[in-house]
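Student: Below you will find the structure I want to go over with you.
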Amino acid sequence: MKHAEVKHRIIETASFLFYKNGYNSTGINQIIAEAGIAKATLYNHFKSKEAICLAYLQYKNSHFLENLKNFTRSKPKGIAQILALFDFLQLFYQDKDFNGCWCIKTVSEIPKDNEIIRNEIQSQKNDFITRIATLITNNLEDIKSEEVNSLARQIYLLYESAVGESHLHQEDWPILESKNLCKKIIV
């Protein structure tokens with residue numbers, strides 16, 4: 001296999017295991033065994049478990065943002081594109097492998113002083129807020145520019161709450177109720 005293919009295989013394997021079992025419960029040897037590679041091969045691509053974790057977070061986030069962008073753009077322009085955030089989450093929740101938010105799961109497992117992983121997660125969450133702000137700007141006509149960031153953060157909080165609570169309750173009512181609240185704050 002080519003260098004890039006091996007690295008991608010490691011990232012995909014680690015991503016599946018970290019998301020399913022958690023960062024702390026997934027060992028390097030398990031990643032090696034599941035990926036079908038030698039220990040030296042893993043360490044040729046990643047110097048530490050933390051480096052694998054960063055690649056995992058980036059992998060999950062890039063797929064999430066791309067899929068979210070495509071999904072919201074497929075909806076009619078206007079409020080429907082903003083509310084599509086919650087329709088997208090509904091589909092994510094219905095996936096058999098849904099296990100909550102990979103960022104929150106990871107940050108809950110790392111030491112408080114692990115700034116590298118924490119900064120990556122904060123950056124991803126800020127990128128998501130920016131994506132929501134763009135949706136608002138592109139789809140709400142009568143909103144003042146100084147209100148966009150506050151509204152984006154409110155919708156972000158509704159979304160994140162819906163992710164966590166739907167995972168906790170193993171039901172989709174938090175997603176539906178968050179969508180209803182979102183509708184009330186944007187109309």
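Ligands are numbered from 1 in the order shown, residues from 1 within each chain, and chains are lettered A, B, ... in the order they appear in the structure tokens.
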Among segment 7-155 of chain A, which residues carry a DSSP assignment of alpha helix (DSSP H), reported as an MDAnalysis selection string?
Tutor: chainID A and resid 7:21 28:35 39:45 49:73 79:94 102:107 115:139 145:155
Student: What is the atom CA of Glu12 of chain A to atom CA of Ile117 of chain A distance in Å?
Tutor: 18.1 Å
Student: Calculated over only C-alpha atoms, which of the candidates A:Asn180, A:Ser161, A:Gln124, A:Thr134 has the smallest distance to Lys69 of chain A?
Tutor: A:Thr134
Student: Would you pick out the contacts of Glu50 of chain A at 10 Å or less, using only C-alpha atoms, so that residues sharing its chain but fewer than 5 positions from it are not included, and give the list as a PyMOL selection string?
Tutor: chain A and resi 23+55-56+110+114+116-117
Student: For each of A:Asp142, A:Glu177, A:Asp172, A:Glu120, take the minimum atom-to-atom distance to Tyr59 of chain A, counting only C-alpha atoms, then give the residue where this is smallest.
Tutor: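 Going through A:Asp142, A:Glu177, A:Asp172, A:Glu120 one by one, the smallest distance to Tyr59 of chain A is for A:Glu120.
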Student: For a quick check of understanding, using only C-alpha atoms, which of A:Gln58, A:Thr72, A:Asn99, A:Ser25 has the smallest distance to Asn119 of chain A?
Tutor: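 Nearest candidate to Asn119 of chain A out of A:Gln58, A:Thr72, A:Asn99, A:Ser25: A:Gln58.
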Student: Set out as a Markdown table a contact list for segment 28-60 of chain A and segment 17-21 of chain A with a cut-off of 12 Å, giving each residue of segment 28-60 of chain A that qualifies its closest atom pair and distance in Å to one decimal, counting only C-alpha atoms, ordered by chain and rising residue number.
Tutor:
| residue | atom | partner | partner_atom | distance |
| --- | --- | --- | --- | --- |
| A:Ile28 | CA | A:Leu17 | CA | 10.5 |
| A:Asn29 | CA | A:Leu17 | CA | 11.7 |
| A:Gln30 | CA | A:Leu17 | CA | 8.5 |
| A:Ile31 | CA | A:Leu17 | CA | 7.5 |
| A:Ile32 | CA | A:Leu17 | CA | 11.2 |
| A:Ala33 | CA | A:Leu17 | CA | 11.5 |
| A:Glu34 | CA | A:Leu17 | CA | 9.0 |
| A:Ala35 | CA | A:Leu17 | CA | 10.6 |
| A:Lys49 | CA | A:Phe18 | CA | 10.9 |
| A:Glu50 | CA | A:Phe18 | CA | 11.7 |
| A:Ile52 | CA | A:Phe18 | CA | 9.9 |
| A:Cys53 | CA | A:Phe18 | CA | 8.1 |
| A:Leu54 | CA | A:Phe18 | CA | 11.3 |
| A:Ala55 | CA | A:Phe18 | CA | 11.3 |
| A:Tyr56 | CA | A:Phe18 | CA | 8.0 |
| A:Leu57 | CA | A:Phe18 | CA | 9.7 |
| A:Tyr59 | CA | A:Tyr19 | CA | 11.7 |
| A:Lys60 | CA | A:Tyr19 | CA | 9.4 |
Student: Just want the 10 Å neighbourhood of Arg153 of chain A, counted on only C-alpha atoms, with same-chain residues fewer than 5 positions away dropped. Output as JSON, numbers by chain.
Tutor: {"A": [126, 128, 129, 130, 132, 133, 148, 158, 159]}
Student: For the residues in that selection, give me C-alpha atoms as a CSV table (one decimal), in the first residue's frame.
Tutor:
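Below is the file that was written, selection32.csv:
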chain,number,residue,atom,x,y,z
A,126,ASN,CA,-15.7,27.9,16.4
A,128,PHE,CA,-19.1,25.3,13.3
A,129,ILE,CA,-20.3,28.6,14.8
A,130,THR,CA,-18.9,30.4,11.8
A,132,ILE,CA,-24.0,28.7,11.3
A,133,ALA,CA,-23.3,32.4,11.0
A,148,VAL,CA,-25.5,37.4,13.5
A,158,LEU,CA,-29.3,24.4,20.7
A,159,TYR,CA,-27.6,22.0,18.3
